[in-house]
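Here is the structure we will look at, set down as structure tokens.
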Amino acid sequence: MSDQTFQHGDGCCGCNCTDGPIGTGGCCLTWCCPCIAFCQAAENSKVDELGIVYLLMGFLGFNCCSAVVLGMHVEEKRGLKQHGMGWHLVHAACEMCTCHTCRIVNECKVYENEGAVGAAAPESTEMVRK
């Protein structure tokens with residue numbers, strides 16, 4: 001585990017989430033339809049293979065719970081500082097339609113692109129002809 005936290009901060013608002021890999025369009029999707037954004041983020045990044053669960057949780061009104069679970073999963077997968085369930089619950093409840101959801105989806109995208117913190121860059125699979 002690292003002392004590094006979410007790439008776009010872990011404070012209340014001011015996280016510059018539109019500067020992240022998902023951009024403004026991704027933040028708009030996350031704001032309007034967090035269940036779809038969580039589903040796509042979990043499946044595309046391989047943070048959680050069961051992205052459909054996040055979609056169903058959202059349709060059933062449990063978006064805060066899905067933010068907590070996905071946030072904790074992405075912290076674990078990336079090797080980030082573990083904030084714990086209470087921290088995620090407070091931020092999910094207070095910032096559900098703002099920074100916390102974008103922060104989680106951005107971090108899933110960073111994991112998809114870069115892997116875990118401190119992990120070696122993926123080696124090229126290009127074959128060398130002799």
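Numbering starts fresh at 1 for the residues of each chain in the structure tokens, the chains themselves are lettered A, B, ... in the order given, and ligands are numbered from 1 as they appear.
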
Check: Contacts of Tyr111 (chain A) at 8 Å or less, counting only C-alpha atoms, minus same-chain residues fewer than 4 places along, as a PyMOL selection string?
Finding: chain A and resi 45+47+74+77-78+107+115-116

Could you check how far CA of Phe38 (chain A) sits from CA of Pro21 (chain A), in Å to one decimal?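 A separation of 14.7 Å between them.
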
One decimal, Å: what's the distance from CA of Ser66 (chain A) over to CA of Glu114 (chain A), could you say?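 CA of Glu114 (chain A) lies at a distance of 23.2 Å from CA of Ser66 (chain A).
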
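Counting only C-alpha atoms, the residue from A:Val117, A:Ile104, A:Ala42, A:Val110 that sits nearest to Cys27 (chain A) is A:Ile104.
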
For Tyr54 (chain A): contacts at 12 Å, only C-alpha atoms, fewer than 6 positions along chain excluded, given as a PDB file with all heavy atoms, in the first residue's frame:
```pdb
ATOM      1  N   CYS A  33     -25.768   9.938 -14.867  1.00  0.00           N
ATOM      2  CA  CYS A  33     -26.048   8.493 -14.781  1.00  0.00           C
ATOM      3  C   CYS A  33     -24.890   7.771 -14.112  1.00  0.00           C
ATOM      4  O   CYS A  33     -24.149   7.023 -14.773  1.00  0.00           O
ATOM      5  CB  CYS A  33     -26.272   7.916 -16.172  1.00  0.00           C
ATOM      6  SG  CYS A  33     -27.584   8.709 -17.094  1.00  0.00           S
ATOM      7  N   PRO A  34     -24.700   7.975 -12.806  1.00  0.00           N
ATOM      8  CA  PRO A  34     -23.547   7.351 -12.159  1.00  0.00           C
ATOM      9  C   PRO A  34     -23.551   5.828 -12.261  1.00  0.00           C
ATOM     10  O   PRO A  34     -22.500   5.211 -12.349  1.00  0.00           O
ATOM     11  CB  PRO A  34     -23.631   7.819 -10.712  1.00  0.00           C
ATOM     12  CG  PRO A  34     -25.006   8.342 -10.531  1.00  0.00           C
ATOM     13  CD  PRO A  34     -25.500   8.762 -11.870  1.00  0.00           C
ATOM     14  N   CYS A  35     -24.729   5.215 -12.308  1.00  0.00           N
ATOM     15  CA  CYS A  35     -24.767   3.750 -12.387  1.00  0.00           C
ATOM     16  C   CYS A  35     -24.151   3.252 -13.696  1.00  0.00           C
ATOM     17  O   CYS A  35     -23.415   2.258 -13.710  1.00  0.00           O
ATOM     18  CB  CYS A  35     -26.183   3.225 -12.213  1.00  0.00           C
ATOM     19  SG  CYS A  35     -27.394   3.920 -13.346  1.00  0.00           S
ATOM     20  N   ILE A  36     -24.387   3.955 -14.788  1.00  0.00           N
ATOM     21  CA  ILE A  36     -23.805   3.580 -16.083  1.00  0.00           C
ATOM     22  C   ILE A  36     -22.303   3.850 -16.070  1.00  0.00           C
ATOM     23  O   ILE A  36     -21.506   3.024 -16.525  1.00  0.00           O
ATOM     24  CB  ILE A  36     -24.499   4.329 -17.233  1.00  0.00           C
ATOM     25  CG1 ILE A  36     -25.950   3.855 -17.365  1.00  0.00           C
ATOM     26  CG2 ILE A  36     -23.738   4.136 -18.544  1.00  0.00           C
ATOM     27  CD1 ILE A  36     -26.784   4.656 -18.331  1.00  0.00           C
ATOM     28  N   ALA A  37     -21.906   4.993 -15.534  1.00  0.00           N
ATOM     29  CA  ALA A  37     -20.485   5.334 -15.469  1.00  0.00           C
ATOM     30  C   ALA A  37     -19.721   4.332 -14.607  1.00  0.00           C
ATOM     31  O   ALA A  37     -18.630   3.893 -14.973  1.00  0.00           O
ATOM     32  CB  ALA A  37     -20.309   6.751 -14.921  1.00  0.00           C
ATOM     33  N   PHE A  38     -20.292   3.942 -13.461  1.00  0.00           N
ATOM     34  CA  PHE A  38     -19.634   2.961 -12.591  1.00  0.00           C
ATOM     35  C   PHE A  38     -19.529   1.608 -13.274  1.00  0.00           C
ATOM     36  O   PHE A  38     -18.513   0.930 -13.183  1.00  0.00           O
ATOM     37  CB  PHE A  38     -20.384   2.811 -11.273  1.00  0.00           C
ATOM     38  CG  PHE A  38     -20.262   3.972 -10.326  1.00  0.00           C
ATOM     39  CD1 PHE A  38     -21.192   4.166  -9.332  1.00  0.00           C
ATOM     40  CD2 PHE A  38     -19.218   4.884 -10.425  1.00  0.00           C
ATOM     41  CE1 PHE A  38     -21.088   5.221  -8.445  1.00  0.00           C
ATOM     42  CE2 PHE A  38     -19.106   5.947  -9.549  1.00  0.00           C
ATOM     43  CZ  PHE A  38     -20.037   6.111  -8.551  1.00  0.00           C
ATOM     44  N   CYS A  39     -20.587   1.194 -13.956  1.00  0.00           N
ATOM     45  CA  CYS A  39     -20.599  -0.083 -14.669  1.00  0.00           C
ATOM     46  C   CYS A  39     -19.491  -0.107 -15.720  1.00  0.00           C
ATOM     47  O   CYS A  39     -18.688  -1.048 -15.777  1.00  0.00           O
ATOM     48  CB  CYS A  39     -21.959  -0.312 -15.315  1.00  0.00           C
ATOM     49  SG  CYS A  39     -22.066  -1.788 -16.337  1.00  0.00           S
ATOM     50  N   GLN A  40     -19.428   0.931 -16.543  1.00  0.00           N
ATOM     51  CA  GLN A  40     -18.407   1.005 -17.593  1.00  0.00           C
ATOM     52  C   GLN A  40     -17.007   1.073 -16.999  1.00  0.00           C
ATOM     53  O   GLN A  40     -16.090   0.409 -17.477  1.00  0.00           O
ATOM     54  CB  GLN A  40     -18.644   2.226 -18.484  1.00  0.00           C
ATOM     55  CG  GLN A  40     -19.850   2.121 -19.367  1.00  0.00           C
ATOM     56  CD  GLN A  40     -20.099   3.406 -20.154  1.00  0.00           C
ATOM     57  OE1 GLN A  40     -19.536   4.457 -19.870  1.00  0.00           O
ATOM     58  NE2 GLN A  40     -20.967   3.312 -21.146  1.00  0.00           N
ATOM     59  N   ALA A  41     -16.840   1.878 -15.965  1.00  0.00           N
ATOM     60  CA  ALA A  41     -15.515   2.043 -15.353  1.00  0.00           C
ATOM     61  C   ALA A  41     -15.021   0.731 -14.752  1.00  0.00           C
ATOM     62  O   ALA A  41     -13.868   0.358 -14.928  1.00  0.00           O
ATOM     63  CB  ALA A  41     -15.563   3.124 -14.281  1.00  0.00           C
ATOM     64  N   ALA A  42     -15.900   0.035 -14.050  1.00  0.00           N
ATOM     65  CA  ALA A  42     -15.503  -1.231 -13.414  1.00  0.00           C
ATOM     66  C   ALA A  42     -15.126  -2.276 -14.453  1.00  0.00           C
ATOM     67  O   ALA A  42     -14.112  -2.961 -14.321  1.00  0.00           O
ATOM     68  CB  ALA A  42     -16.630  -1.746 -12.536  1.00  0.00           C
ATOM     69  N   GLU A  43     -15.925  -2.396 -15.499  1.00  0.00           N
ATOM     70  CA  GLU A  43     -15.665  -3.412 -16.515  1.00  0.00           C
ATOM     71  C   GLU A  43     -14.474  -3.057 -17.394  1.00  0.00           C
ATOM     72  O   GLU A  43     -13.633  -3.918 -17.665  1.00  0.00           O
ATOM     73  CB  GLU A  43     -16.909  -3.633 -17.380  1.00  0.00           C
ATOM     74  CG  GLU A  43     -17.992  -4.362 -16.649  1.00  0.00           C
ATOM     75  CD  GLU A  43     -19.230  -4.612 -17.496  1.00  0.00           C
ATOM     76  OE1 GLU A  43     -19.376  -4.000 -18.573  1.00  0.00           O
ATOM     77  OE2 GLU A  43     -20.061  -5.426 -17.064  1.00  0.00           O
ATOM     78  N   ASP A  48     -13.356  -4.373 -11.292  1.00  0.00           N
ATOM     79  CA  ASP A  48     -14.355  -5.340 -10.845  1.00  0.00           C
ATOM     80  C   ASP A  48     -15.024  -5.892 -12.094  1.00  0.00           C
ATOM     81  O   ASP A  48     -15.584  -5.144 -12.883  1.00  0.00           O
ATOM     82  CB  ASP A  48     -15.377  -4.652  -9.938  1.00  0.00           C
ATOM     83  CG  ASP A  48     -16.280  -5.633  -9.208  1.00  0.00           C
ATOM     84  OD1 ASP A  48     -16.419  -6.788  -9.674  1.00  0.00           O
ATOM     85  OD2 ASP A  48     -16.848  -5.241  -8.186  1.00  0.00           O
ATOM     86  N   LEU A  60     -31.700   0.444  -8.515  1.00  0.00           N
ATOM     87  CA  LEU A  60     -32.438   0.162  -7.286  1.00  0.00           C
ATOM     88  C   LEU A  60     -32.280   1.262  -6.240  1.00  0.00           C
ATOM     89  O   LEU A  60     -32.824   1.171  -5.150  1.00  0.00           O
ATOM     90  CB  LEU A  60     -32.002  -1.182  -6.706  1.00  0.00           C
ATOM     91  CG  LEU A  60     -32.323  -2.393  -7.585  1.00  0.00           C
ATOM     92  CD1 LEU A  60     -31.702  -3.652  -6.996  1.00  0.00           C
ATOM     93  CD2 LEU A  60     -33.828  -2.557  -7.759  1.00  0.00           C
ATOM     94  N   GLY A  61     -31.522   2.320  -6.582  1.00  0.00           N
ATOM     95  CA  GLY A  61     -31.377   3.455  -5.671  1.00  0.00           C
ATOM     96  C   GLY A  61     -30.208   3.358  -4.717  1.00  0.00           C
ATOM     97  O   GLY A  61     -30.170   4.062  -3.707  1.00  0.00           O
ATOM     98  N   PHE A  62     -29.239   2.513  -5.010  1.00  0.00           N
ATOM     99  CA  PHE A  62     -28.100   2.327  -4.117  1.00  0.00           C
ATOM    100  C   PHE A  62     -26.801   2.855  -4.728  1.00  0.00           C
ATOM    101  O   PHE A  62     -25.745   2.223  -4.608  1.00  0.00           O
ATOM    102  CB  PHE A  62     -27.941   0.840  -3.758  1.00  0.00           C
ATOM    103  CG  PHE A  62     -29.089   0.287  -2.980  1.00  0.00           C
ATOM    104  CD1 PHE A  62     -30.037  -0.515  -3.603  1.00  0.00           C
ATOM    105  CD2 PHE A  62     -29.236   0.581  -1.641  1.00  0.00           C
ATOM    106  CE1 PHE A  62     -31.102  -1.030  -2.891  1.00  0.00           C
ATOM    107  CE2 PHE A  62     -30.305   0.074  -0.912  1.00  0.00           C
ATOM    108  CZ  PHE A  62     -31.247  -0.729  -1.541  1.00  0.00           C
ATOM    109  N   ASN A  63     -26.861   4.008  -5.385  1.00  0.00           N
ATOM    110  CA  ASN A  63     -25.658   4.579  -5.983  1.00  0.00           C
ATOM    111  C   ASN A  63     -24.587   4.897  -4.956  1.00  0.00           C
ATOM    112  O   ASN A  63     -23.396   4.754  -5.229  1.00  0.00           O
ATOM    113  CB  ASN A  63     -25.985   5.838  -6.793  1.00  0.00           C
ATOM    114  CG  ASN A  63     -26.394   5.513  -8.207  1.00  0.00           C
ATOM    115  OD1 ASN A  63     -25.930   4.555  -8.785  1.00  0.00           O
ATOM    116  ND2 ASN A  63     -27.285   6.314  -8.744  1.00  0.00           N
ATOM    117  N   CYS A  64     -24.993   5.337  -3.757  1.00  0.00           N
ATOM    118  CA  CYS A  64     -24.002   5.624  -2.716  1.00  0.00           C
ATOM    119  C   CYS A  64     -23.230   4.357  -2.357  1.00  0.00           C
ATOM    120  O   CYS A  64     -22.016   4.394  -2.195  1.00  0.00           O
ATOM    121  CB  CYS A  64     -24.670   6.196  -1.468  1.00  0.00           C
ATOM    122  SG  CYS A  64     -25.112   7.929  -1.621  1.00  0.00           S
ATOM    123  N   CYS A  65     -23.939   3.250  -2.258  1.00  0.00           N
ATOM    124  CA  CYS A  65     -23.279   1.978  -1.929  1.00  0.00           C
ATOM    125  C   CYS A  65     -22.325   1.560  -3.032  1.00  0.00           C
ATOM    126  O   CYS A  65     -21.215   1.080  -2.765  1.00  0.00           O
ATOM    127  CB  CYS A  65     -24.310   0.875  -1.696  1.00  0.00           C
ATOM    128  SG  CYS A  65     -25.368   1.183  -0.285  1.00  0.00           S
ATOM    129  N   SER A  66     -22.727   1.745  -4.288  1.00  0.00           N
ATOM    130  CA  SER A  66     -21.848   1.359  -5.385  1.00  0.00           C
ATOM    131  C   SER A  66     -20.614   2.263  -5.435  1.00  0.00           C
ATOM    132  O   SER A  66     -19.523   1.798  -5.758  1.00  0.00           O
ATOM    133  CB  SER A  66     -22.592   1.353  -6.726  1.00  0.00           C
ATOM    134  OG  SER A  66     -23.124   2.602  -7.035  1.00  0.00           O
ATOM    135  N   ALA A  67     -20.755   3.537  -5.068  1.00  0.00           N
ATOM    136  CA  ALA A  67     -19.599   4.435  -5.017  1.00  0.00           C
ATOM    137  C   ALA A  67     -18.623   3.989  -3.934  1.00  0.00           C
ATOM    138  O   ALA A  67     -17.407   4.013  -4.138  1.00  0.00           O
ATOM    139  CB  ALA A  67     -20.051   5.882  -4.767  1.00  0.00           C
ATOM    140  N   VAL A  68     -19.146   3.568  -2.802  1.00  0.00           N
ATOM    141  CA  VAL A  68     -18.296   3.091  -1.707  1.00  0.00           C
ATOM    142  C   VAL A  68     -17.526   1.847  -2.145  1.00  0.00           C
ATOM    143  O   VAL A  68     -16.305   1.770  -2.013  1.00  0.00           O
ATOM    144  CB  VAL A  68     -19.135   2.792  -0.437  1.00  0.00           C
ATOM    145  CG1 VAL A  68     -18.300   2.065   0.603  1.00  0.00           C
ATOM    146  CG2 VAL A  68     -19.709   4.078   0.132  1.00  0.00           C
ATOM    147  N   VAL A  69     -18.230   0.882  -2.701  1.00  0.00           N
ATOM    148  CA  VAL A  69     -17.603  -0.384  -3.087  1.00  0.00           C
ATOM    149  C   VAL A  69     -16.580  -0.179  -4.200  1.00  0.00           C
ATOM    150  O   VAL A  69     -15.441  -0.663  -4.108  1.00  0.00           O
ATOM    151  CB  VAL A  69     -18.679  -1.418  -3.507  1.00  0.00           C
ATOM    152  CG1 VAL A  69     -18.037  -2.661  -4.082  1.00  0.00           C
ATOM    153  CG2 VAL A  69     -19.566  -1.767  -2.327  1.00  0.00           C
ATOM    154  N   LEU A  70     -16.951   0.551  -5.251  1.00  0.00           N
ATOM    155  CA  LEU A  70     -16.026   0.769  -6.361  1.00  0.00           C
ATOM    156  C   LEU A  70     -14.829   1.604  -5.919  1.00  0.00           C
ATOM    157  O   LEU A  70     -13.698   1.334  -6.315  1.00  0.00           O
ATOM    158  CB  LEU A  70     -16.739   1.429  -7.545  1.00  0.00           C
ATOM    159  CG  LEU A  70     -15.919   1.562  -8.824  1.00  0.00           C
ATOM    160  CD1 LEU A  70     -15.415   0.203  -9.314  1.00  0.00           C
ATOM    161  CD2 LEU A  70     -16.743   2.235  -9.914  1.00  0.00           C
ATOM    162  N   GLY A  71     -15.064   2.602  -5.089  1.00  0.00           N
ATOM    163  CA  GLY A  71     -13.961   3.420  -4.569  1.00  0.00           C
ATOM    164  C   GLY A  71     -12.958   2.592  -3.784  1.00  0.00           C
ATOM    165  O   GLY A  71     -11.739   2.727  -3.950  1.00  0.00           O
TER     166      GLY A  71
END
```

- Query: Which distance in Å separates CA of Glu112 (chain A) and CA of Cys94 (chain A), to one decimal?
  - Reply: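 Value for the CA of Glu112 (chain A)-CA of Cys94 (chain A) distance: 26.8 Å.
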